[in-house]
Amino acid sequence: MSTPRHFLGLDDIPASELRVILDEAHRRKAARKGMSKGAIDADAPCAGKTLALIFEKSSTRTRFSFDMGMRQLGGSSITATSNDLQLGRGEAVDDTAKVLSRFVDGMMLRANRHATLMELARNASVPVINGLTDRSHPCQIMADLQTLEEQGRTLKGLRLTWVGDGNNVAVSFCHAAAKFGFDLTLSTPAGYGIAETELSIANGAGANIILTADPMAAASAADVVIADTFVSMGDDDADKRLSDLSPYQVTDAVMRAADKDALFLHCLPAHRGEEVTASVIDGPHSVIFDEAENRLHAQKAIIKWCFD
Ligand code: CP
Ligand code: NVA
C-alpha cells in the first residue's frame, strides 16, 4: 500500500507542492464566482469521498470550512468531537486511525497535542490533515497567503511582522517563510518566543526571520502585520498572559509604523481590546473576513492535493 499524502505541517511539504496548492486555491475560488454556497464545483473531484473531521478543541472556521469544502468538492464529511468518540474515553489513537481508515477516505484532526496528530497519521492508511495542534496551524497560513496574493502582494520579499505570542500560528508562519520566500519579523516578549527547534527548522530551510522584543521596531515598514489571541486554547495561565502580552497589542500607532498600505491579518477568533484594538481589526488595513473565507478555498485545494 502506498503512503497516504498527509498535510501535517508546512515544514515537511516541498515549496513546489505548496505553490501548487495555493494556485489551486485561487483557481477554485475564481471558478465559484456566482455559484450558491452549497453548489458542487463543476469537476466534483471528491465525488464518492468522505472526510472525517475530528475535534479535540472548539472550532468555528475550521469546522464549517472543511465541511462546506467537502460538499463543494462533491464529497461529504462526518464531524465528531473526541468526546463523541471512544477516543475521548481512552481508546488508543492508533486503533482509532486503523478503524477510521476502513470507513473514510481521509481525516482532519484538531488536536490538543501535536503528538496525537502524528500518531494518527503514522497509523492511518488514508490522508490526515492538521486542523490545528498546540504546535502548528498550517491550513490557516495557506489561507492567509492566499489572502495576501489576492490583495496583489507578491510573497517573495514581502515583509510580514508577527506581534504577540509565539504560538502555533506563528510557528506555521515560520515554516512558511522559507517555502514562500517572505521575510518574517517576530516581536514577542521574553518567555513567549518561538521554540528554538522551530526556528532551527525554519532557518535551516532558508527562512529570513528577525527577532525583536520591540513591537514598534518590528512593525516599522512592514507590509503585513499579524496578531493572534494572547490566550490560545489549552493555555491555563490567562491572567498572566494578558498582563505579560498587553504591551504587544496591535494599535493604530503600530499600524502607523508599518507601510501606509500595510494589511492586517488575524486568524480569528479575535479579542478586541486585548491583542488588537477595534480600530485596527475593523479598520481599513484589515482583511480578516477575506482571510476567514479563504480557509474554505485553501482547504479545498489541500483536500484535493491529499487525494490526488
Ligand atoms: N482560525 C481558526 O482556526 O478558527 P476556528 O478555531 O474557529 O476553527
Ligand atoms: N492560537 C489560537 C488559534 C485559534 C485558531 C489557538 O490555538 O487557540
# chains A, B, ... in the order shown; residues from 1 in each chain; ligands from 1
>>> residues_near_ligand(ligand="ligand 2", cutoff="8 Å", atoms="only C-alpha atoms and all ligand atoms", output="list in words")
Ser59, Leu132, Thr133, Asp134, His137, Gln140, Asn167, Asn168, Val169, Asp228, Thr229, Phe230, Val231, Ser232, Met233, Gly234, Cys267, Leu268 and Pro269 of chain A
>>> closest_atom_pairs(of="chain A", to="ligand 1", cutoff="12 Å", atoms="only C-alpha atoms and all ligand atoms", output="JSON lines")
{"residue": "A:Leu53", "atom": "CA", "partner": "ligand 1", "partner_atom_place_in_ligand_line": "8 (O)", "distance": 11.6}
{"residue": "A:Ile54", "atom": "CA", "partner": "ligand 1", "partner_atom_place_in_ligand_line": "8 (O)", "distance": 11.8}
{"residue": "A:Phe55", "atom": "CA", "partner": "ligand 1", "partner_atom_place_in_ligand_line": "8 (O)", "distance": 9.7}
{"residue": "A:Glu56", "atom": "CA", "partner": "ligand 1", "partner_atom_place_in_ligand_line": "6 (O)", "distance": 11.2}
{"residue": "A:Lys57", "atom": "CA", "partner": "ligand 1", "partner_atom_place_in_ligand_line": "6 (O)", "distance": 8.2}
{"residue": "A:Ser58", "atom": "CA", "partner": "ligand 1", "partner_atom_place_in_ligand_line": "6 (O)", "distance": 6.2}
{"residue": "A:Ser59", "atom": "CA", "partner": "ligand 1", "partner_atom_place_in_ligand_line": "8 (O)", "distance": 3.7}
{"residue": "A:Thr60", "atom": "CA", "partner": "ligand 1", "partner_atom_place_in_ligand_line": "7 (O)", "distance": 3.4}
{"residue": "A:Arg61", "atom": "CA", "partner": "ligand 1", "partner_atom_place_in_ligand_line": "8 (O)", "distance": 3.9}
{"residue": "A:Thr62", "atom": "CA", "partner": "ligand 1", "partner_atom_place_in_ligand_line": "8 (O)", "distance": 3.6}
{"residue": "A:Arg63", "atom": "CA", "partner": "ligand 1", "partner_atom_place_in_ligand_line": "8 (O)", "distance": 5.9}
{"residue": "A:Phe64", "atom": "CA", "partner": "ligand 1", "partner_atom_place_in_ligand_line": "8 (O)", "distance": 8.0}
{"residue": "A:Ser65", "atom": "CA", "partner": "ligand 1", "partner_atom_place_in_ligand_line": "8 (O)", "distance": 8.4}
{"residue": "A:Phe66", "atom": "CA", "partner": "ligand 1", "partner_atom_place_in_ligand_line": "8 (O)", "distance": 9.5}
{"residue": "A:Asp67", "atom": "CA", "partner": "ligand 1", "partner_atom_place_in_ligand_line": "8 (O)", "distance": 11.6}
{"residue": "A:Met108", "atom": "CA", "partner": "ligand 1", "partner_atom_place_in_ligand_line": "8 (O)", "distance": 12.0}
{"residue": "A:Leu109", "atom": "CA", "partner": "ligand 1", "partner_atom_place_in_ligand_line": "8 (O)", "distance": 11.3}
{"residue": "A:Arg110", "atom": "CA", "partner": "ligand 1", "partner_atom_place_in_ligand_line": "8 (O)", "distance": 8.8}
{"residue": "A:Ala111", "atom": "CA", "partner": "ligand 1", "partner_atom_place_in_ligand_line": "6 (O)", "distance": 11.5}
{"residue": "A:Asn130", "atom": "CA", "partner": "ligand 1", "partner_atom_place_in_ligand_line": "3 (O)", "distance": 10.7}
{"residue": "A:Gly131", "atom": "CA", "partner": "ligand 1", "partner_atom_place_in_ligand_line": "3 (O)", "distance": 7.4}
{"residue": "A:Leu132", "atom": "CA", "partner": "ligand 1", "partner_atom_place_in_ligand_line": "3 (O)", "distance": 6.9}
{"residue": "A:Thr133", "atom": "CA", "partner": "ligand 1", "partner_atom_place_in_ligand_line": "3 (O)", "distance": 10.1}
{"residue": "A:Asp134", "atom": "CA", "partner": "ligand 1", "partner_atom_place_in_ligand_line": "3 (O)", "distance": 11.9}
{"residue": "A:Ser136", "atom": "CA", "partner": "ligand 1", "partner_atom_place_in_ligand_line": "3 (O)", "distance": 10.6}
{"residue": "A:His137", "atom": "CA", "partner": "ligand 1", "partner_atom_place_in_ligand_line": "3 (O)", "distance": 7.5}
{"residue": "A:Pro138", "atom": "CA", "partner": "ligand 1", "partner_atom_place_in_ligand_line": "3 (O)", "distance": 9.7}
{"residue": "A:Cys139", "atom": "CA", "partner": "ligand 1", "partner_atom_place_in_ligand_line": "3 (O)", "distance": 8.2}
{"residue": "A:Gln140", "atom": "CA", "partner": "ligand 1", "partner_atom_place_in_ligand_line": "1 (N)", "distance": 6.3}
{"residue": "A:Ile141", "atom": "CA", "partner": "ligand 1", "partner_atom_place_in_ligand_line": "1 (N)", "distance": 9.6}
{"residue": "A:Met142", "atom": "CA", "partner": "ligand 1", "partner_atom_place_in_ligand_line": "1 (N)", "distance": 11.5}
{"residue": "A:Ala143", "atom": "CA", "partner": "ligand 1", "partner_atom_place_in_ligand_line": "1 (N)", "distance": 9.7}
{"residue": "A:Asp144", "atom": "CA", "partner": "ligand 1", "partner_atom_place_in_ligand_line": "1 (N)", "distance": 10.1}
{"residue": "A:Asn168", "atom": "CA", "partner": "ligand 1", "partner_atom_place_in_ligand_line": "3 (O)", "distance": 10.6}
{"residue": "A:Val169", "atom": "CA", "partner": "ligand 1", "partner_atom_place_in_ligand_line": "1 (N)", "distance": 9.0}
{"residue": "A:Ala227", "atom": "CA", "partner": "ligand 1", "partner_atom_place_in_ligand_line": "1 (N)", "distance": 11.7}
{"residue": "A:Asp228", "atom": "CA", "partner": "ligand 1", "partner_atom_place_in_ligand_line": "1 (N)", "distance": 9.3}
{"residue": "A:Thr229", "atom": "CA", "partner": "ligand 1", "partner_atom_place_in_ligand_line": "1 (N)", "distance": 10.3}
{"residue": "A:Ser232", "atom": "CA", "partner": "ligand 1", "partner_atom_place_in_ligand_line": "6 (O)", "distance": 9.7}
{"residue": "A:Met233", "atom": "CA", "partner": "ligand 1", "partner_atom_place_in_ligand_line": "6 (O)", "distance": 8.8}
{"residue": "A:Leu265", "atom": "CA", "partner": "ligand 1", "partner_atom_place_in_ligand_line": "1 (N)", "distance": 10.9}
{"residue": "A:His266", "atom": "CA", "partner": "ligand 1", "partner_atom_place_in_ligand_line": "1 (N)", "distance": 8.1}
{"residue": "A:Cys267", "atom": "CA", "partner": "ligand 1", "partner_atom_place_in_ligand_line": "1 (N)", "distance": 4.3}
{"residue": "A:Leu268", "atom": "CA", "partner": "ligand 1", "partner_atom_place_in_ligand_line": "1 (N)", "distance": 4.8}
{"residue": "A:Pro269", "atom": "CA", "partner": "ligand 1", "partner_atom_place_in_ligand_line": "4 (O)", "distance": 6.1}
{"residue": "A:Ala270", "atom": "CA", "partner": "ligand 1", "partner_atom_place_in_ligand_line": "1 (N)", "distance": 9.3}
{"residue": "A:Ile288", "atom": "CA", "partner": "ligand 1", "partner_atom_place_in_ligand_line": "1 (N)", "distance": 10.1}
{"residue": "A:Phe289", "atom": "CA", "partner": "ligand 1", "partner_atom_place_in_ligand_line": "1 (N)", "distance": 10.8}
{"residue": "A:Glu291", "atom": "CA", "partner": "ligand 1", "partner_atom_place_in_ligand_line": "1 (N)", "distance": 9.1}
{"residue": "A:Ala292", "atom": "CA", "partner": "ligand 1", "partner_atom_place_in_ligand_line": "1 (N)", "distance": 7.1}
{"residue": "A:Glu293", "atom": "CA", "partner": "ligand 1", "partner_atom_place_in_ligand_line": "1 (N)", "distance": 10.4}
{"residue": "A:Asn294", "atom": "CA", "partner": "ligand 1", "partner_atom_place_in_ligand_line": "1 (N)", "distance": 10.7}
{"residue": "A:Arg295", "atom": "CA", "partner": "ligand 1", "partner_atom_place_in_ligand_line": "1 (N)", "distance": 8.2}
{"residue": "A:Leu296", "atom": "CA", "partner": "ligand 1", "partner_atom_place_in_ligand_line": "8 (O)", "distance": 11.1}
{"residue": "A:Gln299", "atom": "CA", "partner": "ligand 1", "partner_atom_place_in_ligand_line": "3 (O)", "distance": 11.6}
>>> residues_around(residues="Thr50 (chain A)", least_positions_apart="5", cutoff="6 Å", atoms="only C-alpha atoms", output="ChimeraX atom specification")
/A:75-77,104-105
>>> select_by_dssp(residues="region 95-255 of chain A", states="helix (DSSP H, G or I)", output="PyMOL selection string")
chain A and resi 95-103+114-123+138-150+168-180+196-204+215-219+238-248+252-255
>>> atom_distance(atom1="CA of His6 (chain A)", atom2="CA of Phe182 (chain A)")
24.4 Å
>>> residues_around(residues="Ala15 (chain A)", least_positions_apart="3", cutoff="10 Å", atoms="only C-alpha atoms", output="list in words")
Leu10, Asp11, Asp12, Leu18, Arg19, Val20, Ile21, Ala176, Ala178, Lys179, Phe180 and Gly181 of chain A
>>> write_last_selection(atoms="C-alpha atoms", output="mmCIF file, in the first residue's frame")
data_model
loop_
_atom_site.group_PDB
_atom_site.id
_atom_site.type_symbol
_atom_site.label_atom_id
_atom_site.label_comp_id
_atom_site.auth_asym_id
_atom_site.auth_seq_id
_atom_site.Cartn_x
_atom_site.Cartn_y
_atom_site.Cartn_z
ATOM 1 C CA LEU A 10 4.381 23.375 6.119
ATOM 2 C CA ASP A 11 7.879 22.334 7.200
ATOM 3 C CA ASP A 12 7.641 18.875 5.645
ATOM 4 C CA LEU A 18 2.680 24.251 -1.543
ATOM 5 C CA ARG A 19 2.738 26.514 -4.610
ATOM 6 C CA VAL A 20 0.546 24.012 -6.481
ATOM 7 C CA ILE A 21 -1.939 24.046 -3.575
ATOM 8 C CA ALA A 176 6.097 29.042 5.511
ATOM 9 C CA ALA A 178 11.353 29.706 3.655
ATOM 10 C CA LYS A 179 8.860 27.930 1.424
ATOM 11 C CA PHE A 180 7.385 31.152 0.013
ATOM 12 C CA GLY A 181 10.367 33.472 0.426
#
>>> closest_residue(among="A:Met216, A:Asp84, A:Met70, A:Ala258", to="Arg159 (chain A)", atoms="only C-alpha atoms")
A:Ala258
>>> closest_residue(among="A:Lys240, A:Thr277, A:Asn83, A:Thr3", to="Ala124 (chain A)", atoms="only C-alpha atoms")
A:Thr3
>>> residues_around(residues="Glu274 (chain A)", least_positions_apart="5", cutoff="12 Å", atoms="only C-alpha atoms", output="mmCIF file with all heavy atoms, in the first residue's frame")
data_model
loop_
_atom_site.group_PDB
_atom_site.id
_atom_site.type_symbol
_atom_site.label_atom_id
_atom_site.label_comp_id
_atom_site.auth_asym_id
_atom_site.auth_seq_id
_atom_site.Cartn_x
_atom_site.Cartn_y
_atom_site.Cartn_z
ATOM 1 N N GLY A 164 3.116 39.596 19.244
ATOM 2 C CA GLY A 164 2.380 38.934 20.325
ATOM 3 C C GLY A 164 2.988 37.621 20.750
ATOM 4 O O GLY A 164 4.210 37.498 20.856
ATOM 5 N N ASP A 165 2.128 36.638 20.984
ATOM 6 C CA ASP A 165 2.559 35.325 21.488
ATOM 7 C C ASP A 165 3.185 34.489 20.365
ATOM 8 O O ASP A 165 2.623 34.412 19.264
ATOM 9 C CB ASP A 165 1.313 34.612 22.049
ATOM 10 C CG ASP A 165 1.648 33.272 22.683
ATOM 11 O OD1 ASP A 165 2.809 33.063 23.084
ATOM 12 O OD2 ASP A 165 0.723 32.441 22.797
ATOM 13 N N ALA A 227 -1.655 39.535 14.085
ATOM 14 C CA ALA A 227 -1.878 39.309 15.516
ATOM 15 C C ALA A 227 -2.684 38.031 15.700
ATOM 16 O O ALA A 227 -3.342 37.552 14.781
ATOM 17 C CB ALA A 227 -2.631 40.483 16.128
ATOM 18 N N ASP A 228 -2.621 37.481 16.894
ATOM 19 C CA ASP A 228 -3.476 36.356 17.279
ATOM 20 C C ASP A 228 -3.762 36.506 18.766
ATOM 21 O O ASP A 228 -3.109 37.291 19.465
ATOM 22 C CB ASP A 228 -2.769 35.016 16.964
ATOM 23 C CG ASP A 228 -3.674 33.804 17.191
ATOM 24 O OD1 ASP A 228 -4.903 33.979 17.313
ATOM 25 O OD2 ASP A 228 -3.147 32.670 17.249
ATOM 26 N N THR A 229 -4.709 35.724 19.233
ATOM 27 C CA THR A 229 -5.097 35.783 20.635
ATOM 28 C C THR A 229 -3.891 35.631 21.568
ATOM 29 O O THR A 229 -2.931 34.932 21.237
ATOM 30 C CB THR A 229 -6.137 34.683 20.945
ATOM 31 O OG1 THR A 229 -6.520 34.772 22.298
ATOM 32 C CG2 THR A 229 -5.584 33.284 20.674
ATOM 33 N N PHE A 230 -3.960 36.279 22.724
ATOM 34 C CA PHE A 230 -2.900 36.115 23.724
ATOM 35 C C PHE A 230 -3.096 34.823 24.528
ATOM 36 O O PHE A 230 -2.176 34.368 25.214
ATOM 37 C CB PHE A 230 -2.898 37.305 24.698
ATOM 38 C CG PHE A 230 -2.410 38.603 24.081
ATOM 39 C CD1 PHE A 230 -2.714 39.826 24.679
ATOM 40 C CD2 PHE A 230 -1.639 38.616 22.927
ATOM 41 C CE1 PHE A 230 -2.263 41.022 24.142
ATOM 42 C CE2 PHE A 230 -1.178 39.804 22.385
ATOM 43 C CZ PHE A 230 -1.493 41.016 22.988
ATOM 44 N N VAL A 231 -4.314 34.285 24.490
ATOM 45 C CA VAL A 231 -4.614 33.063 25.264
ATOM 46 C C VAL A 231 -5.162 32.021 24.295
ATOM 47 O O VAL A 231 -6.324 32.081 23.900
ATOM 48 C CB VAL A 231 -5.641 33.340 26.386
ATOM 49 C CG1 VAL A 231 -5.828 32.089 27.247
ATOM 50 C CG2 VAL A 231 -5.219 34.535 27.239
ATOM 51 N N ALA A 238 -4.271 32.430 31.818
ATOM 52 C CA ALA A 238 -4.827 33.563 31.073
ATOM 53 C C ALA A 238 -4.455 34.912 31.687
ATOM 54 O O ALA A 238 -4.029 35.819 30.973
ATOM 55 C CB ALA A 238 -6.344 33.423 30.978
ATOM 56 N N ASP A 239 -4.579 35.050 33.000
ATOM 57 C CA ASP A 239 -4.338 36.356 33.622
ATOM 58 C C ASP A 239 -2.890 36.807 33.403
ATOM 59 O O ASP A 239 -2.632 37.960 33.046
ATOM 60 C CB ASP A 239 -4.632 36.306 35.129
ATOM 61 C CG ASP A 239 -6.130 36.178 35.387
ATOM 62 O OD1 ASP A 239 -6.904 36.360 34.418
ATOM 63 O OD2 ASP A 239 -6.505 35.877 36.524
ATOM 64 N N ARG A 241 -0.834 35.813 31.041
ATOM 65 C CA ARG A 241 -0.614 36.079 29.612
ATOM 66 C C ARG A 241 -1.151 37.464 29.230
ATOM 67 O O ARG A 241 -0.482 38.224 28.522
ATOM 68 C CB ARG A 241 -1.332 35.020 28.761
ATOM 69 C CG ARG A 241 -0.662 33.692 28.825
ATOM 70 C CD ARG A 241 -1.390 32.635 28.027
ATOM 71 N NE ARG A 241 -0.383 31.678 27.660
ATOM 72 C CZ ARG A 241 0.366 31.749 26.562
ATOM 73 N NH1 ARG A 241 0.122 32.673 25.666
ATOM 74 N NH2 ARG A 241 1.319 30.893 26.337
ATOM 75 N N LEU A 242 -2.369 37.760 29.674
ATOM 76 C CA LEU A 242 -2.965 39.056 29.306
ATOM 77 C C LEU A 242 -2.105 40.202 29.834
ATOM 78 O O LEU A 242 -1.941 41.224 29.162
ATOM 79 C CB LEU A 242 -4.389 39.149 29.842
ATOM 80 C CG LEU A 242 -5.387 38.199 29.166
ATOM 81 C CD1 LEU A 242 -6.762 38.300 29.810
ATOM 82 C CD2 LEU A 242 -5.492 38.489 27.664
ATOM 83 N N SER A 243 -1.542 40.003 31.007
ATOM 84 C CA SER A 243 -0.698 41.048 31.582
ATOM 85 C C SER A 243 0.658 41.121 30.853
ATOM 86 O O SER A 243 1.084 42.190 30.410
ATOM 87 C CB SER A 243 -0.530 40.740 33.079
ATOM 88 O OG SER A 243 0.573 41.386 33.580
ATOM 89 N N ASP A 244 1.302 39.972 30.675
ATOM 90 C CA ASP A 244 2.638 39.967 30.044
ATOM 91 C C ASP A 244 2.584 40.448 28.591
ATOM 92 O O ASP A 244 3.532 41.057 28.093
ATOM 93 C CB ASP A 244 3.224 38.541 30.044
ATOM 94 C CG ASP A 244 3.575 38.058 31.439
ATOM 95 O OD1 ASP A 244 3.564 38.887 32.374
ATOM 96 O OD2 ASP A 244 3.842 36.847 31.592
ATOM 97 N N LEU A 245 1.495 40.118 27.913
ATOM 98 C CA LEU A 245 1.432 40.396 26.476
ATOM 99 C C LEU A 245 0.775 41.735 26.150
ATOM 100 O O LEU A 245 0.795 42.176 24.990
ATOM 101 C CB LEU A 245 0.698 39.254 25.756
ATOM 102 C CG LEU A 245 1.538 37.964 25.629
ATOM 103 C CD1 LEU A 245 0.650 36.723 25.545
ATOM 104 C CD2 LEU A 245 2.440 38.030 24.395
ATOM 105 N N SER A 246 0.239 42.412 27.165
ATOM 106 C CA SER A 246 -0.510 43.647 26.869
ATOM 107 C C SER A 246 0.305 44.708 26.105
ATOM 108 O O SER A 246 -0.260 45.407 25.251
ATOM 109 C CB SER A 246 -1.140 44.234 28.134
ATOM 110 O OG SER A 246 -0.136 44.588 29.033
ATOM 111 N N PRO A 247 1.634 44.830 26.316
ATOM 112 C CA PRO A 247 2.379 45.823 25.511
ATOM 113 C C PRO A 247 2.455 45.446 24.029
ATOM 114 O O PRO A 247 2.956 46.228 23.217
ATOM 115 C CB PRO A 247 3.777 45.812 26.135
ATOM 116 C CG PRO A 247 3.633 45.164 27.476
ATOM 117 C CD PRO A 247 2.489 44.206 27.337
ATOM 118 N N TYR A 248 1.972 44.250 23.695
ATOM 119 C CA TYR A 248 2.067 43.769 22.309
ATOM 120 C C TYR A 248 0.727 43.872 21.573
ATOM 121 O O TYR A 248 0.523 43.259 20.535
ATOM 122 C CB TYR A 248 2.608 42.327 22.299
ATOM 123 C CG TYR A 248 4.067 42.337 22.707
ATOM 124 C CD1 TYR A 248 4.422 42.502 24.041
ATOM 125 C CD2 TYR A 248 5.065 42.270 21.761
ATOM 126 C CE1 TYR A 248 5.754 42.580 24.422
ATOM 127 C CE2 TYR A 248 6.401 42.349 22.131
ATOM 128 C CZ TYR A 248 6.738 42.506 23.462
ATOM 129 O OH TYR A 248 8.059 42.596 23.827
ATOM 130 N N GLN A 249 -0.162 44.677 22.108
ATOM 131 C CA GLN A 249 -1.429 44.926 21.406
ATOM 132 C C GLN A 249 -1.143 45.661 20.089
ATOM 133 O O GLN A 249 -0.329 46.595 20.062
ATOM 134 C CB GLN A 249 -2.330 45.786 22.290
ATOM 135 C CG GLN A 249 -3.710 46.019 21.696
ATOM 136 C CD GLN A 249 -4.532 46.953 22.581
ATOM 137 O OE1 GLN A 249 -4.217 48.137 22.731
ATOM 138 N NE2 GLN A 249 -5.579 46.405 23.174
ATOM 139 N N VAL A 250 -1.795 45.226 19.021
ATOM 140 C CA VAL A 250 -1.650 45.948 17.745
ATOM 141 C C VAL A 250 -2.631 47.121 17.756
ATOM 142 O O VAL A 250 -3.851 46.947 17.771
ATOM 143 C CB VAL A 250 -1.880 45.007 16.537
ATOM 144 C CG1 VAL A 250 -1.836 45.805 15.235
ATOM 145 C CG2 VAL A 250 -0.812 43.911 16.515
ATOM 146 N N THR A 251 -2.052 48.312 17.787
ATOM 147 C CA THR A 251 -2.808 49.561 17.910
ATOM 148 C C THR A 251 -2.668 50.380 16.625
ATOM 149 O O THR A 251 -1.883 50.032 15.732
ATOM 150 C CB THR A 251 -2.232 50.398 19.070
ATOM 151 O OG1 THR A 251 -0.849 50.651 18.741
ATOM 152 C CG2 THR A 251 -2.312 49.664 20.399
ATOM 153 N N PRO A 269 -10.584 33.295 16.320
ATOM 154 C CA PRO A 269 -11.358 34.355 16.945
ATOM 155 C C PRO A 269 -10.476 35.452 17.563
ATOM 156 O O PRO A 269 -9.397 35.174 18.076
ATOM 157 C CB PRO A 269 -12.145 33.620 18.037
ATOM 158 C CG PRO A 269 -11.343 32.415 18.359
ATOM 159 C CD PRO A 269 -10.662 32.024 17.089
ATOM 160 N N VAL A 280 -8.183 48.900 14.691
ATOM 161 C CA VAL A 280 -7.318 48.224 13.709
ATOM 162 C C VAL A 280 -8.060 47.065 13.054
ATOM 163 O O VAL A 280 -8.127 46.963 11.819
ATOM 164 C CB VAL A 280 -6.008 47.726 14.372
ATOM 165 C CG1 VAL A 280 -5.242 46.808 13.413
ATOM 166 C CG2 VAL A 280 -5.139 48.905 14.773
ATOM 167 N N ILE A 281 -8.649 46.194 13.863
ATOM 168 C CA ILE A 281 -9.218 44.972 13.269
ATOM 169 C C ILE A 281 -10.471 45.288 12.435
ATOM 170 O O ILE A 281 -10.792 44.546 11.496
ATOM 171 C CB ILE A 281 -9.492 43.897 14.347
ATOM 172 C CG1 ILE A 281 -9.690 42.530 13.678
ATOM 173 C CG2 ILE A 281 -10.664 44.249 15.238
ATOM 174 C CD1 ILE A 281 -9.610 41.355 14.614
#
>>> select_by_dssp(residues="region 51-283 of chain A", states="strand (DSSP E)", output="ChimeraX atom specification")
/A:51-55,76-81,106-110,128-130,159-163,183-187,208-212,224-227,263-266
>>> write_last_selection(atoms="C-alpha atoms", output="PDB file, in the first residue's frame")
ATOM      1  CA  LEU A  51     -13.587  13.139   5.145  1.00  0.00           C
ATOM      2  CA  ALA A  52     -13.807  12.635   8.927  1.00  0.00           C
ATOM      3  CA  LEU A  53     -13.500  15.879  10.906  1.00  0.00           C
ATOM      4  CA  ILE A  54     -12.398  15.194  14.483  1.00  0.00           C
ATOM      5  CA  PHE A  55     -12.137  17.936  17.079  1.00  0.00           C
ATOM      6  CA  SER A  76     -19.169  14.538   2.209  1.00  0.00           C
ATOM      7  CA  SER A  77     -17.866  14.807   5.751  1.00  0.00           C
ATOM      8  CA  ILE A  78     -18.584  13.346   9.176  1.00  0.00           C
ATOM      9  CA  THR A  79     -17.863  15.605  12.154  1.00  0.00           C
ATOM     10  CA  ALA A  80     -17.256  14.392  15.701  1.00  0.00           C
ATOM     11  CA  THR A  81     -15.693  15.801  18.814  1.00  0.00           C
ATOM     12  CA  GLY A 106      -9.372  10.979   4.816  1.00  0.00           C
ATOM     13  CA  MET A 107      -9.277  12.548   8.263  1.00  0.00           C
ATOM     14  CA  MET A 108      -8.819  16.033   9.607  1.00  0.00           C
ATOM     15  CA  LEU A 109      -7.827  16.304  13.258  1.00  0.00           C
ATOM     16  CA  ARG A 110      -7.751  19.319  15.571  1.00  0.00           C
ATOM     17  CA  VAL A 128      -4.544  13.029   7.547  1.00  0.00           C
ATOM     18  CA  ILE A 129      -4.810  16.843   7.677  1.00  0.00           C
ATOM     19  CA  ASN A 130      -3.651  19.057  10.558  1.00  0.00           C
ATOM     20  CA  ARG A 159       7.799  41.874   4.923  1.00  0.00           C
ATOM     21  CA  LEU A 160       5.490  40.154   7.407  1.00  0.00           C
ATOM     22  CA  THR A 161       5.507  41.093  11.088  1.00  0.00           C
ATOM     23  CA  TRP A 162       4.028  38.959  13.855  1.00  0.00           C
ATOM     24  CA  VAL A 163       3.266  40.780  17.113  1.00  0.00           C
ATOM     25  CA  ASP A 183      10.715  37.949   5.352  1.00  0.00           C
ATOM     26  CA  LEU A 184       9.283  37.404   8.823  1.00  0.00           C
ATOM     27  CA  THR A 185       9.844  39.589  11.866  1.00  0.00           C
ATOM     28  CA  LEU A 186       8.629  38.169  15.168  1.00  0.00           C
ATOM     29  CA  SER A 187       8.014  40.507  18.069  1.00  0.00           C
ATOM     30  CA  ASN A 208      14.799  35.039   6.818  1.00  0.00           C
ATOM     31  CA  ILE A 209      13.461  35.517  10.363  1.00  0.00           C
ATOM     32  CA  ILE A 210      14.254  38.529  12.538  1.00  0.00           C
ATOM     33  CA  LEU A 211      13.503  38.505  16.271  1.00  0.00           C
ATOM     34  CA  THR A 212      12.872  41.678  18.241  1.00  0.00           C
ATOM     35  CA  VAL A 224       1.709  42.923   6.722  1.00  0.00           C
ATOM     36  CA  VAL A 225       1.048  42.996  10.472  1.00  0.00           C
ATOM     37  CA  ILE A 226      -0.342  39.850  12.100  1.00  0.00           C
ATOM     38  CA  ALA A 227      -1.878  39.309  15.516  1.00  0.00           C
ATOM     39  CA  LEU A 263      -2.504  44.756   5.577  1.00  0.00           C
ATOM     40  CA  PHE A 264      -3.657  43.434   8.939  1.00  0.00           C
ATOM     41  CA  LEU A 265      -4.248  39.688   9.403  1.00  0.00           C
ATOM     42  CA  HIS A 266      -5.787  37.771  12.316  1.00  0.00           C
TER      43      HIS A 266
END
>>> atom_distance(atom1="CA of Ala190 (chain A)", atom2="CA of His285 (chain A)")
28.1 Å
